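Here the structure comes first, spelled out in structure tokens, and everything after it is commentary.
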Amino acid sequence: MNFPFYIARRYLFSKKSTHAINVISGISVVGVAVATTALVVTLSVFNGFHDLVASFFTAMDPQIKVVPVKGKAAPADDPILTKIRQLPEVDVATECLEDQALAVYGNRQQMVKLKGVEDNFDKLTHIREILEGDGQFELHAADMYYGIPGLGIAYQMGLGYTYEQPLKIYAPRREGQLNMADPSEGFVEDELYSPGVVFCIKQGKYDKNYILTSIHFTRQLFQQDGMLSSLELRLKPGSDFDRVKKKMEELAGTQYHVLDRYEQQEDTFRIMKVEKLIAYIFLTFILMIACFNIIGSLSMLIIDKKEDVVTLRNLGATDRQISRIFLFEGRMISAIGAIIGILLGLLLCWIQQQYGIVRLGDSEGSFVVNAYPVSVHPTDIILVFITVITVGFLSVWYPVRYFSRRLLY
């Protein structure tokens, strides 16, 4: 049996001559446990929001998106893109061309992102699941092109689910000089008609900016015949996503980026990761402050056990073994606090998942979800445990060595 650990365990659970030492030891465990609980719950809430935001993107964003490294557009018949779309694992491939345009309806106008897609876009994404209105997903009928606006655009421009008049779209001409006498000649003008639906993702980036239409319309409007701004793909069920993505990256080389859903929203997820990291750092500092209680508990224990130390030394214990007794004491306080804190944190997360005790607002439907979302990731639990143990071990190492030399020798 490990002699220092055996003595430290007896010191931790035995009654001290001074009752205050037991109280301070208990406070030390509670302090570490509370800080640990805060870490588990906070990181799990950030995970919940991360997963919640990711669930919104799947309704509009493709599984894989291939975009040119240089410039806004690339030839649709590029051999590299042809090889990528012909991979056996690719189930659906859609050419897309999007750019900024001016939308005008009556006396209202707004800059919009016009996204032209092929007719199989509904097979690529879950667009039909986010449509609202009496119509259906349609991009064109003969020579007439439809435009499906986001709910935010429909509200701001007074379109409604079905706009009765054509929606006028303007885009700058790519060639020629601007005639100052007649500036309107510098723009290409076309019209979109209503299919009787709008889309709603509950994300301002899409709902307030995007209008979906046919890629033939955007190619005419932006004067980009035979061009695309992205090739959007969906893989066959059961495909090895990472392996296929790597194969596409090898084919793309330095000419194209191959982006998964998270990489398509890199800015959003990067901000969330930074916020989570900052919260982790601040809570770790709080944990360090909580560990100061362990220092006070150990210093009083060393003073209380001076006579025991003399007895142990007479029995043959070395100075190193005596120091390790108190090191193990502090480490056990940290470990017990970590275990209790993690279990309590997991319990609180489970309660929030099941019952939604902590709510985002008083009225139902004010937010996308009514209660704070929580998602427990095993990697975060491991990280928290390692953090608590490391901070606890480091916090007791120097004080134990210092007080041992000052008070025991």
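All residue names refer to the structure tokens as shown: chains lettered A, B, ... in order, residues numbered from 1 in each chain, ligands numbered from 1 in order.
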Give one line per residue of stretch 167-256 of chain A that approaches stretch 67-71 of chain A to at most 9 Å, naming the two atoms of the closest pair and their distance in Å to one decimal, counting only C-alpha atoms; sort by chain then ascending residue number and deliver it as a Markdown table.
```
| residue | atom | partner | partner_atom | distance |
| --- | --- | --- | --- | --- |
| A:Leu228 | CA | A:Val67 | CA | 8.8 |
| A:Ser229 | CA | A:Val67 | CA | 6.4 |
| A:Ser230 | CA | A:Val67 | CA | 4.7 |
| A:Leu231 | CA | A:Val67 | CA | 6.7 |
| A:Glu232 | CA | A:Val67 | CA | 8.7 |
| A:Thr254 | CA | A:Val69 | CA | 7.2 |
| A:Gln255 | CA | A:Val69 | CA | 5.4 |
| A:Tyr256 | CA | A:Pro68 | CA | 4.4 |
```
List every residue of stretch 34-121 of chain A that DSSP, applied to the backbone, labels as alpha helix (DSSP H), and write the result as a PyMOL selection string.
-> chain A and resi 34-57+79-85+121
A:Ser28: which residues within 7 Å, counting only C-alpha atoms, same-chain residues fewer than 5 positions away excluded, as a VMD selection string?
-> chain A and resid 291 293 to 294
Determine which residues of stretch 132-331 of chain A DSSP labels as strand (DSSP E or B) from the backbone of this structure, then write them out as a PyMOL selection string.
-> chain A and resi 132-133+140-141+144-146+148-150+167-172+187-193+197-199+210-214+227-228+230-235+256-260
Serialized selection, C-alpha atoms, as a PDB file, in the first residue's frame:
```pdb
ATOM      1  CA  GLU A 132     -44.771  28.852 -46.108  1.00  0.00           C
ATOM      2  CA  GLY A 133     -47.768  29.763 -48.247  1.00  0.00           C
ATOM      3  CA  HIS A 140     -39.912  28.667 -63.660  1.00  0.00           C
ATOM      4  CA  ALA A 141     -42.810  27.935 -65.980  1.00  0.00           C
ATOM      5  CA  MET A 144     -41.579  33.003 -66.784  1.00  0.00           C
ATOM      6  CA  TYR A 145     -39.230  32.860 -63.797  1.00  0.00           C
ATOM      7  CA  TYR A 146     -40.344  32.636 -60.171  1.00  0.00           C
ATOM      8  CA  ILE A 148     -38.999  32.712 -53.650  1.00  0.00           C
ATOM      9  CA  PRO A 149     -38.062  35.434 -51.129  1.00  0.00           C
ATOM     10  CA  GLY A 150     -37.076  34.984 -47.520  1.00  0.00           C
ATOM     11  CA  LEU A 167     -40.814  41.907 -58.616  1.00  0.00           C
ATOM     12  CA  LYS A 168     -38.337  43.992 -60.615  1.00  0.00           C
ATOM     13  CA  ILE A 169     -34.678  43.010 -60.317  1.00  0.00           C
ATOM     14  CA  TYR A 170     -31.760  45.235 -61.356  1.00  0.00           C
ATOM     15  CA  ALA A 171     -28.081  44.326 -61.751  1.00  0.00           C
ATOM     16  CA  PRO A 172     -25.155  46.383 -63.128  1.00  0.00           C
ATOM     17  CA  PHE A 187     -28.343  48.163 -65.472  1.00  0.00           C
ATOM     18  CA  VAL A 188     -29.881  44.920 -66.633  1.00  0.00           C
ATOM     19  CA  GLU A 189     -33.570  44.753 -65.690  1.00  0.00           C
ATOM     20  CA  ASP A 190     -35.743  41.673 -65.395  1.00  0.00           C
ATOM     21  CA  GLU A 191     -38.824  40.481 -63.519  1.00  0.00           C
ATOM     22  CA  LEU A 192     -39.649  37.672 -61.114  1.00  0.00           C
ATOM     23  CA  TYR A 193     -43.125  36.326 -60.380  1.00  0.00           C
ATOM     24  CA  VAL A 197     -44.548  30.725 -51.144  1.00  0.00           C
ATOM     25  CA  VAL A 198     -41.741  32.242 -49.075  1.00  0.00           C
ATOM     26  CA  PHE A 199     -39.034  30.395 -47.140  1.00  0.00           C
ATOM     27  CA  TYR A 210     -31.932  35.862 -50.052  1.00  0.00           C
ATOM     28  CA  ILE A 211     -34.271  35.325 -52.986  1.00  0.00           C
ATOM     29  CA  LEU A 212     -34.239  31.888 -54.645  1.00  0.00           C
ATOM     30  CA  THR A 213     -34.797  31.621 -58.383  1.00  0.00           C
ATOM     31  CA  SER A 214     -33.691  29.679 -61.449  1.00  0.00           C
ATOM     32  CA  MET A 227     -20.783  30.136 -65.207  1.00  0.00           C
ATOM     33  CA  LEU A 228     -21.432  29.122 -61.606  1.00  0.00           C
ATOM     34  CA  SER A 230     -20.678  27.167 -56.477  1.00  0.00           C
ATOM     35  CA  LEU A 231     -21.294  23.494 -57.117  1.00  0.00           C
ATOM     36  CA  GLU A 232     -23.458  22.101 -54.320  1.00  0.00           C
ATOM     37  CA  LEU A 233     -23.507  18.382 -53.615  1.00  0.00           C
ATOM     38  CA  ARG A 234     -25.284  15.727 -51.603  1.00  0.00           C
ATOM     39  CA  LEU A 235     -23.729  12.318 -51.046  1.00  0.00           C
ATOM     40  CA  TYR A 256     -11.405  25.207 -55.517  1.00  0.00           C
ATOM     41  CA  HIS A 257     -12.373  25.051 -51.842  1.00  0.00           C
ATOM     42  CA  VAL A 258     -14.406  22.034 -50.712  1.00  0.00           C
ATOM     43  CA  LEU A 259     -16.565  23.131 -47.762  1.00  0.00           C
ATOM     44  CA  ASP A 260     -18.755  21.103 -45.424  1.00  0.00           C
TER      45      ASP A 260
END
```
Of the candidates A:Leu394, A:Asp122, A:Leu346, A:Asp78, which shows the shortest atom-to-atom distance to A:His377, using only C-alpha atoms?
-> A:Leu346
Would you list the contacts of A:Gly31 as number ranges by chain, taking every protein, DNA or RNA residue within 12 Å and counting only C-alpha atoms, but skipping same-chain residues closer than 5 positions in sequence?
-> A: 24-26, 36-38, 286-294, 333-334, 336-338, 340-341, 388, 392
Shell around A:Val396 at 8 Å using only C-alpha atoms, local window under 2 positions removed, as a list in words |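 Residues meeting the cut-off are Ile294, Ile295, Leu327, Gly330, Arg331, Gly392, Phe393, Leu394, Tyr398, Pro399 and Val400 of chain A.
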Write the residues you've just listed into a file as a CSV table (one decimal), in the first residue's frame, and include C-alpha atoms for each of them.
```
chain,number,residue,atom,x,y,z
A,294,ILE,CA,-7.4,24.0,-0.1
A,295,ILE,CA,-4.3,26.0,0.7
A,327,LEU,CA,0.2,16.7,-1.2
A,330,GLY,CA,-4.8,18.4,-1.3
A,331,ARG,CA,-5.1,16.2,-4.4
A,392,GLY,CA,-5.8,21.5,-7.8
A,393,PHE,CA,-2.5,19.7,-8.0
A,394,LEU,CA,-0.6,22.8,-9.0
A,398,TYR,CA,4.2,25.0,-3.7
A,399,PRO,CA,2.2,25.8,-0.4
A,400,VAL,CA,2.8,22.3,0.9
```
